[in-house]
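Let me begin by presenting the structure, written as structure tokens, before commenting on it.
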Amino acid sequence: MATLESSSKPFPVPNSTLSFWRTQPHDLDSHRSTEELPAECDIVIIGAGYAGACVAYHLLDENPSPPSILILEAREACSGATGRNGGHLKPSPYQVIINNAPKYGREAAVELAKFETAHIPAMKQLVEKEGIDCDFHITRAVDVLLDDGYCDEVKQGYDDLVKVGVDTVLDVEYIPGSKAERISGVKNAKGCLSFTACHIWPYKLVLHLLKIAVSRGVNLQMHTPVSEVSAAPDPSTGRWTVVTQSRGSIRAKKVVYATNAYTAALAPQYAGKIVPVRGICSRIVTPEDNKPAPHLPNTYSLRWSAAQYDYLIPRPDGSIIVGGARRDYLSYPKNWYNNVDDSKLIESAKHYFDGYMQRHFRGWENSGAYTDRVWTGVMGYSSDYLPHVGHIPSKPGQLIIAGFSGHGMPQILLSAKGIAKMIRDDIPFEETGIPRLYRTTKERLDSTEEMILATAGISKKAHL
């Protein structure tokens, strides 16, 4: 695949590490609907991951007069963050409010939590409506707090939300330290919180949506990296020119950036606003000849601080997907900050998952669990930890759905539905159902706020 490795812009690299989710490639993995690209179309969607597939799906769903849509992807289908994540659709019914209410007010912060929790029934409805075989399973998530000070801080925030009657915390149960280890099964738990979540096989979900799109006339083009989008639309036609690296250009009425970590490579106003952040994930298995390992009925997040945490889901095949390892690499920002190289493991963390279940979970000491696979992925972190969704300022006909900060599974599906409404029905952002704080604005693009390094306790000046 042609790349722009010589450029300082954040483009995808070749030869990415193979995630577990991508070990069973779909027929559309490297699909090209046509040998040549069309000269024109109504809508170009850049990115064939979760966001791009969902936008296309919602543009076509129950639409008797669908637009002509072209999806361009630099590598294989769903080869970015979605195909490398933990498979965890886990909303934030309390923490997102605690984090954002002081700055934006409680009403706007609660809006974020309600939007995320709405993704579970929305995903269930989608999977059932389209008959998607993606190991979808609704369960409980358990946030396990492993530091006394951090536990006290989270518990105080949770108690404050309970006192004022925030709806989303009605589903949240707090379990104190005296019971937390026994209930969660995690050693040294200081406290934990339990709430509804679900998990899926993300690659299978996305490829099913892409299959639907292709069956309804979408032109899907893999291994077709975009090199640039024109700075302005053509004055006579109002169309934008989307230039690919080796297959010519396309003129489109609208362009949707479903580009997440790679957004700034094509939309430079997002440089420093959506930053590539590299993470690491694994699959853990137990020996087939060993006695069955203890049952894990929930999904988990093990948290030592706001910045240091792991996450894991149990799989129907008995394996466990574990991601995070931030404790082993967070203090070395060159390993992860503004880093798009998912062809290599993070050296300081590649052995982090060895013996993980034995270290942290009661009853797993003699399980023989071992690391079967480790991979990296590149997420698009927003400098204010809020997604960028909507019309790009001063770019009529360009829209964005990106910057999900490693938390896109409970944010993207309904954001994409809102983007589709803006395109199909020409409605304003305020009528889409997308949280007001997600809206991409000139004020956010002009802001000097940088929370990514700050949350990790690293000075941006020192890093640079």
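Within each chain, counting starts at residue 1; across the structure tokens, chains are named A, B, ... in the order shown, with ligands numbered 1 upward in that order.
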Exercise. Can you list every residue in stretch 4-209 of chain A that DSSP puts in strand (DSSP E or B), as a PyMOL selection string?
Worked result: chain A and resi 32+40-46+69-72+88-89+137-145+173-176+186+191-199
Problem set entry | Neighbour list for A:His119 as a PyMOL selection string, cut-off 8 Å, only C-alpha atoms, skip fewer than 3 positions in-chain | chain A and resi 91+115-116+122-123+410-411+413-414
Next, dump the selected residues to file, keeping only all heavy atoms, as a short mmCIF file (atom, residue, chain, number, x, y, z; two decimals), in the first residue's frame.
data_model
loop_
_atom_site.label_atom_id
_atom_site.label_comp_id
_atom_site.auth_asym_id
_atom_site.auth_seq_id
_atom_site.Cartn_x
_atom_site.Cartn_y
_atom_site.Cartn_z
N PRO A 91 -20.85 2.45 28.49
CA PRO A 91 -21.14 3.87 28.71
C PRO A 91 -20.56 4.36 30.03
O PRO A 91 -20.10 3.57 30.85
CB PRO A 91 -22.67 3.91 28.74
CG PRO A 91 -23.06 2.55 29.23
CD PRO A 91 -22.02 1.60 28.67
N PHE A 115 -26.70 10.17 26.64
CA PHE A 115 -26.42 9.80 25.25
C PHE A 115 -25.63 8.50 25.19
O PHE A 115 -25.92 7.63 24.38
CB PHE A 115 -25.62 10.93 24.60
CG PHE A 115 -25.38 10.76 23.12
CD1 PHE A 115 -26.42 10.93 22.22
CD2 PHE A 115 -24.12 10.45 22.64
CE1 PHE A 115 -26.21 10.78 20.84
CE2 PHE A 115 -23.89 10.31 21.28
CZ PHE A 115 -24.94 10.48 20.38
N GLU A 116 -24.65 8.35 26.07
CA GLU A 116 -23.86 7.12 26.07
C GLU A 116 -24.69 5.91 26.48
O GLU A 116 -24.60 4.84 25.86
CB GLU A 116 -22.65 7.28 27.00
CG GLU A 116 -21.60 8.25 26.49
CD GLU A 116 -20.30 8.19 27.27
OE1 GLU A 116 -20.08 7.17 27.97
OE2 GLU A 116 -19.52 9.14 27.19
N ALA A 122 -29.80 1.01 21.59
CA ALA A 122 -29.67 1.31 20.16
C ALA A 122 -28.87 0.22 19.46
O ALA A 122 -29.22 -0.20 18.34
CB ALA A 122 -29.00 2.67 19.97
N MET A 123 -27.82 -0.27 20.10
CA MET A 123 -27.03 -1.34 19.51
C MET A 123 -27.84 -2.64 19.47
O MET A 123 -27.79 -3.37 18.47
CB MET A 123 -25.73 -1.54 20.30
CG MET A 123 -24.83 -2.65 19.75
SD MET A 123 -24.28 -2.34 18.05
CE MET A 123 -23.12 -0.99 18.33
N PRO A 410 -19.51 3.65 22.84
CA PRO A 410 -20.80 4.16 23.30
C PRO A 410 -21.08 5.61 22.86
O PRO A 410 -21.87 6.32 23.50
CB PRO A 410 -20.66 4.09 24.83
CG PRO A 410 -19.22 4.36 25.07
CD PRO A 410 -18.47 3.79 23.89
N GLN A 411 -20.44 6.05 21.77
CA GLN A 411 -20.65 7.42 21.29
C GLN A 411 -20.93 7.51 19.80
O GLN A 411 -21.60 8.43 19.34
CB GLN A 411 -19.40 8.28 21.60
CG GLN A 411 -19.09 8.43 23.08
CD GLN A 411 -17.78 9.16 23.32
OE1 GLN A 411 -16.83 9.06 22.53
NE2 GLN A 411 -17.69 9.90 24.41
N LEU A 413 -22.41 5.32 17.27
CA LEU A 413 -23.61 4.88 16.54
C LEU A 413 -24.65 5.99 16.42
O LEU A 413 -25.14 6.28 15.32
CB LEU A 413 -24.22 3.65 17.22
CG LEU A 413 -25.49 3.08 16.59
CD1 LEU A 413 -25.23 2.65 15.16
CD2 LEU A 413 -26.04 1.93 17.43
N LEU A 414 -24.98 6.64 17.53
CA LEU A 414 -26.00 7.68 17.50
C LEU A 414 -25.45 9.01 17.00
O LEU A 414 -26.20 9.83 16.48
CB LEU A 414 -26.64 7.82 18.89
CG LEU A 414 -27.39 6.58 19.37
CD1 LEU A 414 -27.98 6.79 20.75
CD2 LEU A 414 -28.51 6.22 18.38
#
Problem set entry | Polymer residues at most 9 Å from A:Val374, only C-alpha atoms, same-chain spacing of 6 or more positions, as a PyMOL selection string | chain A and resi 17-20+280-283+345+350-351+353
What would the file look like if the residues just selected were written as an mmCIF file, in the first residue's frame with C-alpha atoms?
data_model
loop_
_atom_site.group_PDB
_atom_site.id
_atom_site.type_symbol
_atom_site.label_atom_id
_atom_site.label_comp_id
_atom_site.auth_asym_id
_atom_site.auth_seq_id
_atom_site.Cartn_x
_atom_site.Cartn_y
_atom_site.Cartn_z
ATOM 1 C CA THR A 17 0.016 -5.630 14.083
ATOM 2 C CA LEU A 18 -2.723 -8.240 13.778
ATOM 3 C CA SER A 19 -5.471 -7.936 16.371
ATOM 4 C CA PHE A 20 -7.573 -10.895 17.458
ATOM 5 C CA ILE A 280 -1.961 -1.749 23.443
ATOM 6 C CA CYS A 281 -4.320 -4.700 23.836
ATOM 7 C CA SER A 282 -4.152 -8.482 24.234
ATOM 8 C CA ARG A 283 -5.986 -11.770 24.203
ATOM 9 C CA LEU A 345 4.274 -3.095 20.025
ATOM 10 C CA LYS A 350 4.474 -5.802 25.604
ATOM 11 C CA HIS A 351 4.889 -8.248 28.521
ATOM 12 C CA PHE A 353 -0.367 -8.938 30.150
#
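Atom pair atom CA of A:His199 / atom CA of A:Glu181 has a distance of 22.9 Å (rounded to one decimal).
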Find the residues of stretch 247-342 of chain A that sit at most 12 Å from stretch 420-424 of chain A; for each, write down the nearest two atoms and how far apart they are in Å, to one decimal. Count only C-alpha atoms. Sort by chain, then by number going up, and give it as a tab-separated table.
residue	atom	partner	partner_atom	distance
A:Lys253	CA	A:Ile423	CA	10.4
A:Lys254	CA	A:Ile423	CA	8.4
A:Val255	CA	A:Ile423	CA	10.3
A:Val256	CA	A:Ile423	CA	9.9
Using only C-alpha atoms, I'd like a table of the residues in stretch 168-245 of chain A that come within 8 Å of stretch 78-85 of chain A; for each, show the closest atom pair and its distance in Å rounded to one decimal, ordered by chain and ascending number, as CSV.
residue,atom,partner,partner_atom,distance
A:Pro202,CA,A:Gly83,CA,6.3
A:Tyr203,CA,A:Gly83,CA,5.3
A:Val206,CA,A:Cys78,CA,6.8
A:Leu207,CA,A:Cys78,CA,7.4
Using only C-alpha atoms, find each residue in stretch 95-193 of chain A having at least one atom no more than 12 Å away from stretch 51-63 of chain A; report its shortest atom-to-atom pair and that distance in Å (one decimal), rows by chain then rising number, as a tab-separated table.
residue	atom	partner	partner_atom	distance
A:Met123	CA	A:Cys54	CA	11.2
A:Leu126	CA	A:Tyr57	CA	10.5
A:Lys129	CA	A:Asp61	CA	11.3
A:Glu130	CA	A:Asp61	CA	10.8
Problem set entry | Those of stretch 183-291 of chain A in DSSP helix (DSSP H, G or I), formatted as JSON, numbers by chain | {"A": [183, 184, 202, 203, 204, 205, 206, 207, 208, 209, 210, 211, 212, 213, 214, 215, 260, 261, 262, 263, 264, 265, 266, 268, 269, 270]}
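Considering only C-alpha atoms, the residue among A:Pro314, A:Pro14, A:Pro25, A:Pro233 positioned nearest to A:Arg140 is A:Pro314.
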For this session: List the neighbours of A:Leu146 out to 12 Å using only C-alpha atoms; skip same-chain residues closer than 4 positions along the sequence, and give me the result as a VMD selection string.
Result: chain A and resid 150 to 152 154 176 to 177 180 to 181 184 186 to 193 301 to 306 308 to 310 360
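For the atom pair formed by atom CA of A:Tyr262 and atom CA of A:Ser92, the distance is 25.2 Å, given to one decimal.
Nearest to A:Arg444 of all the residues A:Lys273, A:Ile346, A:Tyr356, A:Ile400 is A:Lys273, counting only C-alpha atoms.
In terms of minimum interatomic distance to A:Gly406, A:Pro276 ranks closest within A:Gly457, A:Pro276, A:Pro428, A:Pro38, counting only C-alpha atoms.
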